[in-house]
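Data block for upload.cif (mmCIF, C-alpha atoms):
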```cif
data_entry
loop_
_atom_site.group_PDB
_atom_site.id
_atom_site.type_symbol
_atom_site.label_atom_id
_atom_site.label_comp_id
_atom_site.auth_asym_id
_atom_site.auth_seq_id
_atom_site.Cartn_x
_atom_site.Cartn_y
_atom_site.Cartn_z
ATOM 1 C CA MET J 752 19.459 44.923 19.958
ATOM 2 C CA SER J 753 19.956 46.289 16.493
ATOM 3 C CA GLN J 754 17.670 45.565 13.566
ATOM 4 C CA ARG J 755 20.353 43.227 12.169
ATOM 5 C CA ASP J 756 20.530 41.294 15.456
ATOM 6 C CA ASP J 757 16.734 41.040 15.508
ATOM 7 C CA LEU J 758 16.770 39.637 11.987
ATOM 8 C CA LEU J 759 19.481 37.093 12.841
ATOM 9 C CA HIS J 760 17.466 36.029 15.887
ATOM 10 C CA ASP J 761 14.311 35.640 13.783
ATOM 11 C CA ILE J 762 16.238 33.610 11.197
ATOM 12 C CA ALA J 763 17.562 31.282 13.918
ATOM 13 C CA GLU J 764 14.018 30.797 15.225
ATOM 14 C CA SER J 765 12.818 30.096 11.680
ATOM 15 C CA GLU J 766 15.494 27.440 11.214
ATOM 16 C CA GLU J 767 14.281 25.684 14.361
ATOM 17 C CA GLU J 768 10.711 25.977 13.128
ATOM 18 C CA VAL J 769 11.605 24.379 9.782
ATOM 19 C CA LEU J 770 13.169 21.405 11.582
ATOM 20 C CA ARG J 771 10.071 21.017 13.792
ATOM 21 C CA LEU J 772 7.860 21.232 10.717
ATOM 22 C CA GLN J 773 9.915 18.587 8.912
ATOM 23 C CA ALA J 774 9.482 16.223 11.862
ATOM 24 C CA ARG J 775 5.740 16.962 12.025
ATOM 25 C CA ILE J 776 5.206 16.397 8.295
ATOM 26 C CA THR J 777 7.112 13.116 8.514
ATOM 27 C CA GLU J 778 4.978 12.051 11.480
ATOM 28 C CA LEU J 779 1.738 13.004 9.714
ATOM 29 C CA THR J 780 2.807 11.115 6.609
ATOM 30 C CA GLU J 781 3.512 7.967 8.598
ATOM 31 C CA CYS J 782 0.150 8.281 10.395
ATOM 32 C CA ALA J 783 -1.709 8.757 7.115
ATOM 33 C CA TYR J 784 0.035 5.706 5.632
ATOM 34 C CA ARG J 785 -0.995 3.605 8.634
ATOM 35 C CA GLU J 786 -4.576 4.938 8.578
ATOM 36 C CA CYS J 787 -4.923 4.041 4.899
ATOM 37 C CA ARG J 788 -3.345 0.666 5.591
ATOM 38 C CA VAL J 789 -0.464 1.429 3.288
ATOM 39 C CA ALA J 790 2.763 -0.298 4.245
ATOM 40 C CA VAL J 791 4.663 2.038 6.520
ATOM 41 C CA HIS J 792 8.003 1.015 5.060
ATOM 42 C CA TRP J 793 9.348 4.501 4.617
ATOM 43 C CA ASP J 794 9.307 5.329 0.918
ATOM 44 C CA ARG J 795 12.690 6.921 0.123
ATOM 45 C CA SER J 796 11.315 9.157 -2.616
ATOM 46 C CA LEU J 797 8.649 10.556 -0.297
ATOM 47 C CA HIS J 798 11.204 11.073 2.458
ATOM 48 C CA GLY J 799 13.428 12.811 -0.080
ATOM 49 C CA LYS J 800 10.635 15.193 -1.056
ATOM 50 C CA ILE J 801 10.051 16.269 2.536
ATOM 51 C CA THR J 802 13.778 16.595 3.203
ATOM 52 C CA GLY J 803 14.314 18.489 -0.056
ATOM 53 C CA LEU J 804 11.598 21.012 0.702
ATOM 54 C CA CYS J 805 13.006 21.697 4.142
ATOM 55 C CA TYR J 806 16.592 21.767 2.881
ATOM 56 C CA GLY J 807 15.618 24.471 0.390
ATOM 57 C CA LEU J 808 14.141 26.601 3.159
ATOM 58 C CA LEU J 809 17.167 26.091 5.392
ATOM 59 C CA ALA J 810 19.540 26.972 2.542
ATOM 60 C CA HIS J 811 17.622 30.181 1.902
ATOM 61 C CA LEU J 812 17.752 31.143 5.585
ATOM 62 C CA GLU J 813 21.485 30.398 5.645
ATOM 63 C CA GLU J 814 21.958 32.722 2.662
ATOM 64 C CA LEU J 815 20.076 35.483 4.497
ATOM 65 C CA LYS J 816 22.360 35.034 7.535
ATOM 66 C CA ARG J 817 25.439 35.170 5.321
ATOM 67 C CA LEU J 818 24.191 38.343 3.668
ATOM 68 C CA LEU J 819 23.510 40.049 6.983
ATOM 69 C CA LYS J 820 26.882 39.034 8.415
ATOM 70 C CA GLU J 821 28.796 40.127 5.285
ATOM 71 C CA GLU J 822 27.228 43.562 5.387
ATOM 72 C CA ALA J 823 28.111 44.021 9.076
#
```
Translate this structure into structure tokens?
Amino acid sequence: MSQRDDLLHDIAESEEEVLRLQARITELTECAYRECRVAVHWDRSLHGKITGLCYGLLAHLEELKRLLKEEA
């Protein structure tokens, strides 16, 4: 594999990792809410913050893929 292919592979793995992390952070948030006896109705603004953080990471990784593919 070339260096470019290695980078694309690493980016794909990172994208999967971001999605796993998003799910884990959401799960931890729900657990913390329950532990503190806060209503677990899912607060949209909090959900938006988690989604927004992960979306930003995914967008950056997508830009790296585009850059690598354009230069091929």
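If all atoms listed in the file are the atoms counted, then among J:Ala823, J:Leu818, J:Ile801, J:Leu812 the closest residue to Leu772 (chain J) is J:Ile801.
Here the question is which of J:Leu809, J:Ser796, J:Glu814, J:Leu804 gets nearest to Glu764 (chain J) using only C-alpha atoms, and that residue is J:Leu809.
Computed from the coordinates, the CA of Glu821 (chain J) to CA of Glu767 (chain J) distance equals 22.4 Å.
For the atom pair formed by CA of Arg817 (chain J) and CA of Met752 (chain J), the distance is 18.6 Å, given to one decimal.
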CA of Leu770 (chain J) to CA of Cys805 (chain J) measures 7.4 Å
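The nearest approach to His798 (chain J) among the residues J:Leu758, J:Thr777, J:Ser753, J:Lys820, with only C-alpha atoms taken into account, belongs to J:Thr777.
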Just need the box for region 779-790 of chain J, edges along x, y and z, holding every atom the file lists for it with 4 Å tacked onto each side, so centre and edge lengths in Å to one decimal, as AutoDock Vina command-line options.
```
--center_x -0.7 --center_y 6.4 --center_z 6.8 --size_x 16.4 --size_y 21.3 --size_z 15.1
```
Would you kindly return, as a ChimeraX atom specification, each protein, DNA or RNA residue with an atom no farther than 8 Å from any atom of Leu759 (chain J), considering all atoms listed in the file and excluding same-chain residues fewer than 3 positions away?
/J:755-756,762-763,816,819
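Here the question is which of J:Leu797, J:Leu808, J:Cys782, J:Leu815 gets nearest to Glu766 (chain J) using all atoms listed in the file, and that residue is J:Leu808.
Proximity to His811 (chain J) was assessed for J:Val769, J:Ala774, J:Ala783, J:Val789 counting only C-alpha atoms; the smallest distance is recorded for J:Val769.
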Taking the partial coordinates given, rebuild region 761-780 of chain J to contain N, CA and C atoms; return it as a short mmCIF file (atom, residue, chain, number, x, y, z; two decimals), in the coordinates of the input.
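So the final result, stored in out22.cif, reads:
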```cif
data_model
loop_
_atom_site.label_atom_id
_atom_site.label_comp_id
_atom_site.auth_asym_id
_atom_site.auth_seq_id
_atom_site.Cartn_x
_atom_site.Cartn_y
_atom_site.Cartn_z
N ASP J 761 15.51 36.16 14.46
CA ASP J 761 14.31 35.64 13.78
C ASP J 761 14.67 34.52 12.81
N ILE J 762 15.79 34.65 12.13
CA ILE J 762 16.24 33.61 11.20
C ILE J 762 16.55 32.33 11.97
N ALA J 763 17.24 32.46 13.10
CA ALA J 763 17.56 31.28 13.92
C ALA J 763 16.28 30.59 14.40
N GLU J 764 15.30 31.38 14.81
CA GLU J 764 14.02 30.80 15.22
C GLU J 764 13.33 30.10 14.05
N SER J 765 13.43 30.69 12.87
CA SER J 765 12.82 30.10 11.68
C SER J 765 13.47 28.77 11.32
N GLU J 766 14.79 28.70 11.48
CA GLU J 766 15.49 27.44 11.21
C GLU J 766 14.99 26.34 12.14
N GLU J 767 14.81 26.66 13.41
CA GLU J 767 14.28 25.68 14.36
C GLU J 767 12.86 25.27 13.98
N GLU J 768 12.09 26.25 13.54
CA GLU J 768 10.71 25.98 13.13
C GLU J 768 10.65 25.05 11.92
N VAL J 769 11.55 25.24 10.97
CA VAL J 769 11.60 24.38 9.78
C VAL J 769 11.90 22.93 10.20
N LEU J 770 12.84 22.76 11.13
CA LEU J 770 13.17 21.40 11.58
C LEU J 770 11.99 20.76 12.32
N ARG J 771 11.27 21.55 13.12
CA ARG J 771 10.07 21.02 13.79
C ARG J 771 9.01 20.65 12.76
N LEU J 772 8.84 21.49 11.76
CA LEU J 772 7.86 21.23 10.72
C LEU J 772 8.21 19.98 9.92
N GLN J 773 9.48 19.79 9.63
CA GLN J 773 9.91 18.59 8.91
C GLN J 773 9.55 17.34 9.71
N ALA J 774 9.81 17.37 11.01
CA ALA J 774 9.48 16.22 11.86
C ALA J 774 7.97 16.00 11.90
N ARG J 775 7.21 17.08 11.97
CA ARG J 775 5.74 16.96 12.02
C ARG J 775 5.18 16.42 10.72
N ILE J 776 5.68 16.89 9.59
CA ILE J 776 5.21 16.40 8.30
C ILE J 776 5.54 14.92 8.14
N THR J 777 6.72 14.52 8.57
CA THR J 777 7.11 13.12 8.51
C THR J 777 6.17 12.28 9.37
N GLU J 778 5.89 12.76 10.58
CA GLU J 778 4.98 12.05 11.48
C GLU J 778 3.58 11.93 10.88
N LEU J 779 3.07 13.03 10.33
CA LEU J 779 1.74 13.00 9.71
C LEU J 779 1.68 12.05 8.53
N THR J 780 2.74 12.01 7.76
CA THR J 780 2.81 11.12 6.61
C THR J 780 2.74 9.66 7.07
#
```
